[in-house]
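*Asks:* Next up, data.txt (compact mmCIF, C-alpha atoms and all ligand atoms).
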```
# COMPACT_ATOMS: atom_id res chain seq x y z
CA MET A 1 15.65 -15.73 8.65
CA GLN A 2 14.84 -16.91 5.12
CA ARG A 3 12.74 -20.05 4.76
CA PRO A 4 10.54 -21.43 1.99
CA GLU A 5 7.47 -20.27 3.93
CA GLY A 6 8.73 -16.70 4.32
CA LEU A 7 10.78 -14.44 6.59
CA TYR A 8 11.37 -16.40 9.77
CA CYS A 9 12.43 -15.40 13.29
CA PRO A 10 14.20 -18.50 14.73
CA PRO A 11 14.18 -17.61 18.47
CA GLY A 12 10.52 -16.50 18.33
CA ASP A 13 9.44 -19.33 16.00
CA PHE A 14 7.16 -17.09 13.91
CA TYR A 15 7.08 -15.67 10.39
CA ILE A 16 6.58 -12.18 9.00
CA ASP A 17 4.12 -11.99 6.05
CA PRO A 18 4.61 -15.70 5.15
CA TRP A 19 3.40 -16.82 1.73
CA ARG A 20 2.72 -20.42 2.77
CA PRO A 21 0.51 -21.47 5.69
CA VAL A 22 2.33 -21.38 9.05
CA GLN A 23 1.40 -21.65 12.72
CA ARG A 24 2.26 -18.06 13.77
CA ALA A 25 2.31 -15.07 11.40
CA VAL A 26 3.05 -11.41 12.07
CA ILE A 27 1.31 -9.43 9.32
CA THR A 28 2.65 -6.02 8.25
CA HIS A 29 -0.49 -5.05 6.32
CA ALA A 30 -3.60 -6.44 4.64
CA HIS A 31 -2.53 -6.34 0.97
CA ALA A 32 -3.09 -9.79 -0.50
CA ASP A 33 0.57 -10.65 -1.11
CA HIS A 34 1.45 -9.94 2.53
CA ALA A 35 -1.67 -11.17 4.35
CA ARG A 36 -2.53 -14.64 3.09
CA ALA A 37 -5.19 -17.02 4.32
CA GLY A 38 -4.50 -20.25 6.19
CA HIS A 39 -2.21 -19.30 9.09
CA GLY A 40 -2.94 -20.62 12.58
CA HIS A 41 -2.49 -17.33 14.45
CA TYR A 42 -2.18 -13.75 13.19
CA LEU A 43 -0.60 -10.77 14.93
CA ALA A 44 -1.17 -7.30 13.40
CA ALA A 45 -1.51 -3.64 14.36
CA ALA A 46 -4.86 -2.73 15.91
CA PRO A 47 -5.94 -0.31 13.11
CA ALA A 48 -5.54 -3.19 10.61
CA GLU A 49 -8.22 -5.34 12.22
CA GLY A 50 -11.16 -4.15 10.09
CA VAL A 51 -9.38 -4.37 6.74
CA LEU A 52 -7.85 -7.76 7.63
CA ARG A 53 -11.24 -9.16 8.56
CA ALA A 54 -12.83 -7.64 5.44
CA ARG A 55 -10.33 -9.66 3.38
CA LEU A 56 -9.69 -12.83 5.42
CA GLY A 57 -12.87 -13.23 7.48
CA GLY A 58 -12.78 -15.18 10.74
CA ILE A 59 -9.05 -15.54 11.38
CA THR A 60 -7.49 -15.96 14.84
CA LEU A 61 -6.19 -12.44 15.25
CA GLN A 62 -4.29 -10.74 18.05
CA THR A 63 -3.68 -7.01 17.71
CA LEU A 64 -1.19 -4.59 19.24
CA ALA A 65 -1.44 -0.80 19.47
CA TYR A 66 1.44 0.92 17.68
CA GLY A 67 4.44 0.92 20.02
CA GLU A 68 2.95 -1.68 22.41
CA ARG A 69 5.47 -4.40 23.30
CA ILE A 70 4.96 -8.09 23.91
CA VAL A 71 7.56 -10.76 24.68
CA HIS A 72 7.28 -14.05 22.81
CA HIS A 73 9.88 -16.80 23.49
CA GLY A 74 12.30 -14.13 24.68
CA VAL A 75 11.81 -11.90 21.61
CA THR A 76 10.36 -8.44 22.25
CA VAL A 77 7.90 -7.68 19.44
CA SER A 78 6.33 -4.30 18.66
CA LEU A 79 4.65 -2.73 15.63
CA HIS A 80 5.28 0.79 14.34
CA PRO A 81 3.47 2.85 11.66
CA ALA A 82 4.66 2.26 8.07
CA GLY A 83 2.49 4.97 6.43
CA HIS A 84 1.53 2.60 3.56
CA VAL A 85 -2.19 1.82 4.12
CA LEU A 86 -4.57 1.72 7.11
CA GLY A 87 -3.00 -0.45 9.83
CA SER A 88 0.32 -0.98 8.03
CA ALA A 89 3.20 -1.68 10.38
CA GLN A 90 6.93 -2.17 10.59
CA VAL A 91 7.84 -5.09 12.81
CA ARG A 92 10.48 -4.42 15.47
CA LEU A 93 12.17 -7.48 17.01
CA GLU A 94 14.62 -7.29 19.89
CA HIS A 95 16.54 -10.35 21.01
CA ALA A 96 19.90 -10.83 22.75
CA GLY A 97 20.71 -7.13 22.50
CA LYS A 98 20.09 -6.89 18.73
CA VAL A 99 17.23 -4.98 17.11
CA TRP A 100 15.78 -5.99 13.74
CA VAL A 101 13.09 -4.04 11.91
CA ALA A 102 11.13 -5.45 8.96
CA SER A 103 9.51 -2.55 7.11
CA GLY A 104 6.81 -4.31 5.10
CA ASP A 105 5.69 -1.82 2.43
CA TYR A 106 6.06 1.83 3.45
CA LYS A 107 5.81 5.39 2.30
CA VAL A 108 6.99 8.61 3.86
CA ALA A 109 4.64 11.01 1.99
CA PRO A 110 1.66 12.32 4.00
CA ASP A 111 -1.58 10.32 3.85
CA PRO A 112 -4.68 11.34 5.85
CA THR A 113 -6.01 7.76 5.78
CA CYS A 114 -3.26 6.16 7.90
CA ALA A 115 -0.70 6.87 10.62
CA ALA A 116 2.53 8.48 9.38
CA PHE A 117 5.72 6.42 8.85
CA GLU A 118 7.85 6.41 11.97
CA PRO A 119 11.61 5.73 11.70
CA VAL A 120 12.70 3.05 14.20
CA ARG A 121 16.36 2.74 15.24
CA CYS A 122 17.77 -0.73 14.63
CA ASP A 123 20.87 -2.79 13.88
CA VAL A 124 19.35 -4.61 10.90
CA PHE A 125 16.69 -3.07 8.64
CA ILE A 126 14.73 -5.18 6.15
CA THR A 127 13.46 -2.72 3.55
CA GLU A 128 11.18 -3.03 0.54
CA SER A 129 12.42 -1.58 -2.75
CA THR A 130 9.36 -1.44 -5.02
CA PHE A 131 10.46 1.93 -6.42
CA GLY A 132 14.15 1.55 -5.59
CA LEU A 133 15.58 3.35 -8.61
CA PRO A 134 16.82 6.96 -8.63
CA VAL A 135 14.31 7.89 -11.39
CA TYR A 136 11.41 7.55 -8.94
CA ARG A 137 10.73 10.91 -7.30
CA TRP A 138 7.15 11.68 -6.43
CA PRO A 139 5.63 15.10 -7.01
CA ASP A 140 3.96 16.82 -4.06
CA ASP A 141 0.54 15.26 -3.30
CA ARG A 142 -1.16 18.66 -3.47
CA VAL A 143 0.02 19.07 -7.06
CA ILE A 144 -1.31 15.62 -7.98
CA PHE A 145 -4.69 16.15 -6.33
CA GLY A 146 -4.92 19.55 -8.07
CA GLU A 147 -4.43 17.73 -11.40
CA ILE A 148 -7.01 15.06 -10.56
CA ASN A 149 -9.61 17.65 -9.52
CA ALA A 150 -9.00 19.73 -12.67
CA TRP A 151 -9.36 16.62 -14.87
CA TRP A 152 -12.60 15.57 -13.11
CA GLN A 153 -14.03 19.12 -13.29
CA ALA A 154 -13.30 19.43 -17.03
CA ASN A 155 -14.88 16.03 -17.73
CA ALA A 156 -17.97 16.86 -15.63
CA GLN A 157 -18.42 20.10 -17.59
CA ALA A 158 -18.14 18.16 -20.85
CA GLY A 159 -20.70 15.58 -19.63
CA ARG A 160 -18.19 12.69 -19.43
CA ALA A 161 -17.59 10.29 -16.56
CA SER A 162 -14.08 10.31 -15.05
CA VAL A 163 -13.03 6.69 -14.60
CA LEU A 164 -9.97 6.56 -12.35
CA SER A 165 -8.37 3.11 -12.04
CA CYS A 166 -6.68 2.37 -8.75
CA TYR A 167 -6.05 -0.50 -6.35
CA SER A 168 -9.13 -1.14 -4.24
CA PHE A 169 -7.39 -1.17 -0.85
CA GLY A 170 -5.34 1.84 0.17
CA LYS A 171 -5.08 3.85 -3.02
CA ALA A 172 -8.85 4.15 -3.49
CA GLN A 173 -9.35 5.47 0.05
CA ARG A 174 -6.43 7.88 -0.23
CA LEU A 175 -7.97 9.22 -3.45
CA LEU A 176 -11.38 9.57 -1.79
CA ALA A 177 -9.85 11.49 1.11
CA GLY A 178 -7.88 13.76 -1.21
CA VAL A 179 -10.26 14.74 -4.03
CA ASP A 180 -12.68 17.69 -3.98
CA ALA A 181 -15.99 15.82 -3.60
CA SER A 182 -17.99 19.00 -4.30
CA ILE A 183 -17.24 18.55 -8.03
CA GLY A 184 -19.76 15.74 -8.46
CA PRO A 185 -20.91 12.34 -7.19
CA VAL A 186 -18.35 9.61 -6.44
CA VAL A 187 -19.06 6.08 -7.68
CA VAL A 188 -17.02 3.07 -6.53
CA HIS A 189 -16.76 -0.50 -7.79
CA GLY A 190 -18.06 -3.28 -5.53
CA ALA A 191 -14.50 -4.33 -4.66
CA VAL A 192 -13.77 -0.89 -3.20
CA GLU A 193 -16.80 -0.30 -0.95
CA PRO A 194 -16.17 -2.98 1.74
CA LEU A 195 -12.75 -1.43 2.32
CA ASN A 196 -14.28 2.08 2.49
CA GLN A 197 -16.56 0.74 5.20
CA ALA A 198 -13.61 -0.69 7.15
CA TYR A 199 -11.83 2.67 6.91
CA ARG A 200 -14.92 4.59 8.07
CA ALA A 201 -15.37 2.15 10.96
CA ALA A 202 -11.75 2.87 11.95
CA GLY A 203 -12.55 6.60 12.10
CA VAL A 204 -11.13 7.69 8.72
CA ALA A 205 -13.32 10.41 7.14
CA LEU A 206 -14.25 9.62 3.53
CA PRO A 207 -16.83 11.39 1.32
CA ALA A 208 -20.13 9.68 0.43
CA THR A 209 -19.75 6.94 -2.19
CA HIS A 210 -22.35 5.35 -4.47
CA ALA A 211 -22.77 2.04 -6.24
CA VAL A 212 -23.17 2.36 -9.99
CA GLN A 213 -26.75 0.98 -9.89
CA GLU A 214 -27.81 3.91 -7.69
CA MET A 215 -26.92 6.44 -10.37
CA ASP A 216 -28.96 7.83 -13.27
CA LYS A 217 -27.38 8.75 -16.59
CA VAL A 218 -27.02 12.45 -15.75
CA GLY A 219 -25.32 11.67 -12.45
CA LEU A 220 -22.86 9.32 -14.14
CA GLN A 221 -21.85 12.01 -16.62
CA ARG A 222 -20.54 14.12 -13.71
CA ALA A 223 -19.19 11.28 -11.63
CA LEU A 224 -15.73 10.30 -10.52
CA VAL A 225 -15.59 6.50 -10.76
CA LEU A 226 -13.01 4.53 -8.75
CA ALA A 227 -12.42 0.92 -9.78
CA PRO A 228 -9.62 -1.65 -9.96
CA PRO A 229 -7.84 -1.61 -13.35
CA ALA A 230 -9.26 -4.98 -14.46
CA ALA A 231 -12.85 -3.81 -13.85
CA SER A 232 -12.52 -0.48 -15.63
CA ALA A 233 -10.86 -2.18 -18.61
CA GLY A 234 -13.56 -4.88 -18.81
CA VAL A 235 -17.31 -5.14 -19.29
CA TRP A 236 -17.99 -3.24 -16.06
CA GLY A 237 -16.12 -0.18 -17.36
CA ARG A 238 -17.86 -0.12 -20.72
CA ARG A 239 -21.14 1.13 -19.24
CA PHE A 240 -19.58 4.58 -18.84
CA GLY A 241 -19.48 5.04 -22.62
CA ASP A 242 -17.47 8.03 -23.72
CA ALA A 243 -15.62 8.37 -20.40
CA SER A 244 -12.14 9.70 -19.77
CA HIS A 245 -9.89 6.92 -18.36
CA ALA A 246 -7.00 7.55 -15.97
CA PHE A 247 -4.75 5.52 -13.67
CA ALA A 248 -3.30 6.62 -10.33
CA SER A 249 -0.02 4.80 -9.59
CA GLY A 250 3.68 5.33 -9.05
CA TRP A 251 4.22 3.44 -12.32
CA MET A 252 2.70 6.40 -14.15
CA GLN A 253 6.08 8.10 -13.77
CA LEU A 254 7.48 5.68 -16.36
CA ARG A 255 7.29 7.07 -19.84
CA GLY A 256 5.02 4.89 -21.96
CA ALA A 257 3.20 3.22 -19.04
CA ARG A 258 0.10 5.41 -19.50
CA ARG A 259 -0.03 4.84 -23.24
CA ARG A 260 0.54 1.07 -22.93
CA GLY A 261 -2.30 0.86 -20.40
CA GLY A 262 -4.59 2.69 -22.84
CA TYR A 263 -5.25 5.54 -20.38
CA ASP A 264 -6.03 9.13 -21.35
CA ARG A 265 -4.31 10.39 -18.22
CA GLY A 266 -1.83 9.09 -15.64
CA PHE A 267 -1.45 10.50 -12.14
CA VAL A 268 1.76 9.77 -10.24
CA LEU A 269 0.43 8.75 -6.84
CA SER A 270 2.10 5.92 -4.98
CA ASP A 271 1.69 4.22 -1.61
CA HIS A 272 5.38 3.31 -1.60
CA ALA A 273 8.43 5.43 -0.84
CA ASP A 274 10.24 6.96 -3.80
CA TRP A 275 14.05 6.81 -4.08
CA PRO A 276 14.77 9.78 -1.78
CA GLY A 277 12.11 8.44 0.62
CA LEU A 278 13.75 4.99 0.75
CA MET A 279 17.22 6.46 1.28
CA GLY A 280 15.99 8.84 3.99
CA ALA A 281 14.14 6.04 5.78
CA ILE A 282 17.15 3.70 5.67
CA ARG A 283 19.46 6.44 7.00
CA ALA A 284 17.01 7.31 9.82
CA THR A 285 17.13 3.73 11.18
CA GLY A 286 20.87 4.02 11.80
CA ALA A 287 21.16 0.37 10.70
CA GLN A 288 24.57 -0.85 9.56
CA ARG A 289 23.07 -3.90 7.89
CA VAL A 290 20.26 -3.58 5.35
CA ILE A 291 18.36 -6.43 3.74
CA VAL A 292 16.46 -5.58 0.57
CA THR A 293 13.23 -7.36 -0.49
CA HIS A 294 10.78 -7.12 -3.37
CA GLY A 295 11.45 -4.55 -6.06
CA SER A 296 14.70 -3.19 -7.48
CA VAL A 297 16.73 -5.39 -5.15
CA ALA A 298 20.04 -5.59 -7.05
CA VAL A 299 20.29 -1.84 -7.69
CA MET A 300 19.56 -0.98 -4.06
CA VAL A 301 22.00 -3.58 -2.70
CA ARG A 302 24.77 -2.21 -4.91
CA TYR A 303 24.01 1.41 -4.03
CA LEU A 304 23.81 0.78 -0.27
CA GLY A 305 27.05 -1.21 -0.43
CA GLY A 306 28.64 1.86 -2.02
CA LEU A 307 27.55 3.90 1.00
CA GLY A 308 29.54 1.55 3.24
CA LEU A 309 26.53 -0.39 4.54
CA GLN A 310 26.41 -4.14 4.75
CA ALA A 311 23.66 -4.81 2.20
CA GLN A 312 22.13 -8.06 0.97
CA ALA A 313 19.08 -9.37 -0.89
CA PHE A 314 16.23 -11.54 0.35
CA GLU A 315 14.14 -13.53 -2.10
CA THR A 316 10.43 -13.17 -1.36
CA GLU A 317 7.23 -14.16 -3.07
CA TYR A 318 5.52 -10.82 -2.64
CA GLY A 319 3.55 -9.79 -5.69
CA ASP A 320 5.11 -8.30 -8.76
CA GLU A 321 3.12 -5.13 -8.40
CA ARG A 322 4.00 -4.12 -11.92
CA ALA A 323 1.97 -7.04 -13.23
CA GLY A 324 -1.13 -5.21 -12.02
CA GLN A 325 -1.79 -7.34 -9.00
CA GLU A 326 -3.75 -5.61 -6.37
CA ASP A 327 -0.99 -4.60 -4.00
CA ALA A 328 -1.07 -0.83 -4.21
CA ALA A 329 1.69 0.74 -6.18
ZN ZN A 401 4.22 -5.42 -1.07
ZN ZN A 402 1.36 -3.26 0.19
```
For the structure just supplied, provide its representation as structure tokens.
Ligand SMILES: [Zn+2]
Ligand SMILES: [Zn+2]

*Replies:*
Amino acid sequence: MQRPEGLYCPPGDFYIDPWRPVQRAVITHAHADHARAGHGHYLAAAPAEGVLRARLGGITLQTLAYGERIVHHGVTVSLHPAGHVLGSAQVRLEHAGKVWVASGDYKVAPDPTCAAFEPVRCDVFITESTFGLPVYRWPDDRVIFGEINAWWQANAQAGRASVLSCYSFGKAQRLLAGVDASIGPVVVHGAVEPLNQAYRAAGVALPATHAVQEMDKVGLQRALVLAPPAASAGVWGRRFGDASHAFASGWMQLRGARRRGGYDRGFVLSDHADWPGLMGAIRATGAQRVIVTHGSVAVMVRYLGGLGLQAQAFETEYGDERAGQEDAA
């Protein structure tokens, strides 16, 4: 299954989220480290079509509804919700009586902007492990959104913009859907808006968003501003003057991460499963063999081995999300 181009299915002769150009690619979701340009043929879940096209343009794309099955070279292929971002899917492969499931990135916490994670029974489960350490335990989303709203409200009253750094695809839309937009106007960076449009076109309700040029000074002082970390830290972010700066990410649970990033506030909001979420998801598959990819691979492999499972690591070239690449953490 492991080849230099990516995760490979030998009987089906296709790859899952390959990092080098291949003829046939099954794509779990449209984050840049999973959905790369240059493949001959793409297969993805139907709700991913808009976001994939927003990022990759005119690709040759075939889509499947969640749960729909197709047979390719004797391999039954279906896609099931991963709860990570709009259109994210786990890939289920059935061949010669064996079922494999490749999770892609997933989360089990509720998210109004995408279909909820669905456990799929299998013999072999390929799981991500971005936050695969026992220290990662996410607070309830309602608590986090309460904190974000209170921070925004206090800043608006003090006449300060609230600049909230986040990844432009997935996290930004989840924030938009979760905040109390009656507090003030919402401004988004130019990298965020095309994805908002793809979400709206897919039927996800998001509040009105504005480009920074549309706003006067008074409006900006009450605004919530969503932008990728590099933009808010650079020239683009300086126009907000005496703003309060925050970052929404699972990494904010690490002590020191907020301070090192130079943020006034950190909100622990992740689009990946935390440790209990990973363990619950792995258990729910019933798989006896678990293959661990990008993240805390060694720790997870050791822990799962201790539970009596057959566990192993897979090397991948998915992004080191800690390095601030755009894959949503
Ligand atoms: Zn990833
Ligand atoms: Zn992702």

*Asks:* What is the CA of Ser162 in chain A-CA of His245 in chain A distance in Å, reported with one decimal?

*Replies:*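 Distance reported for this atom pair: 6.3 Å.
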
*Asks:* Could you give me, as a ChimeraX atom specification, the residues that have an atom at most 9 Å away from the point (-13.4, 11.3, -24.4) in the coordinates of the file, using all atoms listed in the file?

*Replies:* /A:155,160-161,241-245,264

*Asks:* Save out the residues we just selected, C-alpha atoms, as a short mmCIF file (atom, residue, chain, number, x, y, z; two decimals), in the frame of the given file.

*Replies:*
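Saved as selection.cif:
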```
data_model
loop_
_atom_site.label_atom_id
_atom_site.label_comp_id
_atom_site.auth_asym_id
_atom_site.auth_seq_id
_atom_site.Cartn_x
_atom_site.Cartn_y
_atom_site.Cartn_z
CA ASN A 155 -14.88 16.03 -17.73
CA ARG A 160 -18.19 12.69 -19.43
CA ALA A 161 -17.59 10.29 -16.56
CA GLY A 241 -19.48 5.04 -22.62
CA ASP A 242 -17.47 8.03 -23.72
CA ALA A 243 -15.62 8.37 -20.40
CA SER A 244 -12.14 9.70 -19.77
CA HIS A 245 -9.89 6.92 -18.36
CA ASP A 264 -6.03 9.13 -21.35
#
```

*Asks:* Just the residues within 7 Å of range 193-196 of chain A, please, counting all atoms listed in the file, with nothing from its chain fewer than 5 positions along; format it as a PyMOL selection string.

*Replies:* chain A and resi 51+54+169+173+188

*Asks:* Box time for range 90-106 of chain A: axis-aligned, enclosing all its listed atoms, 8 Å extra on each side; report centre and edge lengths in Å to one decimal, as lines of an AutoDock Vina configuration file.

*Replies:*
```
center_x = 13.2
center_y = -4.5
center_z = 12.6
size_x = 31.0
size_y = 28.7
size_z = 36.3
```

*Asks:* Would you please work out which residue, of A:Ser88, A:Gln288, A:Ser182, A:Ser296, is nearest to ligand ZN 402 (chain A) when using all atoms listed in the file?

*Replies:*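 The shortest atom-to-atom distance to ligand ZN 402 (chain A) comes from A:Ser88.
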
*Asks:* Need the shell around Ser78 in chain A: protein/DNA/RNA residues with any atom at most 10 Å away, counting only C-alpha atoms. Skip same-chain ones fewer than 5 positions apart. Format as a PDB file with C-alpha atoms, keeping the file's coordinate frame?

*Replies:*
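Heads up, here's the output in out-v1.pdb:
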```
ATOM      1  CA  ALA A  44      -1.170  -7.300  13.400  1.00  0.00           C
ATOM      2  CA  ALA A  45      -1.510  -3.640  14.360  1.00  0.00           C
ATOM      3  CA  LEU A  64      -1.190  -4.590  19.240  1.00  0.00           C
ATOM      4  CA  ALA A  65      -1.440  -0.800  19.470  1.00  0.00           C
ATOM      5  CA  TYR A  66       1.440   0.920  17.680  1.00  0.00           C
ATOM      6  CA  GLY A  67       4.440   0.920  20.020  1.00  0.00           C
ATOM      7  CA  GLU A  68       2.950  -1.680  22.410  1.00  0.00           C
ATOM      8  CA  ARG A  69       5.470  -4.400  23.300  1.00  0.00           C
ATOM      9  CA  ILE A  70       4.960  -8.090  23.910  1.00  0.00           C
ATOM     10  CA  VAL A  71       7.560 -10.760  24.680  1.00  0.00           C
ATOM     11  CA  ALA A  89       3.200  -1.680  10.380  1.00  0.00           C
ATOM     12  CA  GLN A  90       6.930  -2.170  10.590  1.00  0.00           C
ATOM     13  CA  VAL A  91       7.840  -5.090  12.810  1.00  0.00           C
ATOM     14  CA  ARG A  92      10.480  -4.420  15.470  1.00  0.00           C
ATOM     15  CA  LEU A  93      12.170  -7.480  17.010  1.00  0.00           C
ATOM     16  CA  GLU A  94      14.620  -7.290  19.890  1.00  0.00           C
ATOM     17  CA  VAL A 101      13.090  -4.040  11.910  1.00  0.00           C
TER      18      VAL A 101
END
```

*Asks:* Which residue gives the smallest distance to Pro229 in chain A among A:Gly277, A:Gly261, A:Pro10, A:Gly295, with only C-alpha atoms counted?

*Replies:*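 Distance minimum relative to Pro229 in chain A lands on A:Gly261.
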
*Asks:* Got a minute to add N, CA and C atoms to range 220-231 of chain A and dump it as a compact mmCIF listing (two decimals), keeping the file's coordinate frame?

*Replies:*
```
# COMPACT_ATOMS: atom_id res chain seq x y z
N LEU A 220 -24.09 9.99 -13.69
CA LEU A 220 -22.86 9.32 -14.14
C LEU A 220 -21.99 10.23 -14.99
N GLN A 221 -22.63 11.13 -15.73
CA GLN A 221 -21.85 12.01 -16.62
C GLN A 221 -21.01 13.01 -15.82
N ARG A 222 -21.32 13.19 -14.55
CA ARG A 222 -20.54 14.12 -13.71
C ARG A 222 -19.70 13.37 -12.69
N ALA A 223 -19.77 12.06 -12.73
CA ALA A 223 -19.19 11.28 -11.63
C ALA A 223 -17.69 11.03 -11.77
N LEU A 224 -17.07 10.89 -10.61
CA LEU A 224 -15.73 10.30 -10.52
C LEU A 224 -15.96 8.84 -10.18
N VAL A 225 -15.38 7.93 -10.96
CA VAL A 225 -15.59 6.50 -10.76
C VAL A 225 -14.26 5.86 -10.36
N LEU A 226 -14.22 5.22 -9.20
CA LEU A 226 -13.01 4.53 -8.75
C LEU A 226 -13.21 3.02 -8.88
N ALA A 227 -12.29 2.36 -9.56
CA ALA A 227 -12.42 0.92 -9.78
C ALA A 227 -11.05 0.31 -9.99
N PRO A 228 -10.89 -0.99 -9.66
CA PRO A 228 -9.62 -1.65 -9.96
C PRO A 228 -9.40 -1.69 -11.48
N PRO A 229 -8.13 -1.69 -11.91
CA PRO A 229 -7.84 -1.61 -13.35
C PRO A 229 -8.55 -2.68 -14.18
N ALA A 230 -8.64 -3.91 -13.68
CA ALA A 230 -9.26 -4.98 -14.46
C ALA A 230 -10.74 -4.70 -14.70
N ALA A 231 -11.42 -4.11 -13.71
CA ALA A 231 -12.85 -3.81 -13.85
C ALA A 231 -13.07 -2.67 -14.84
```
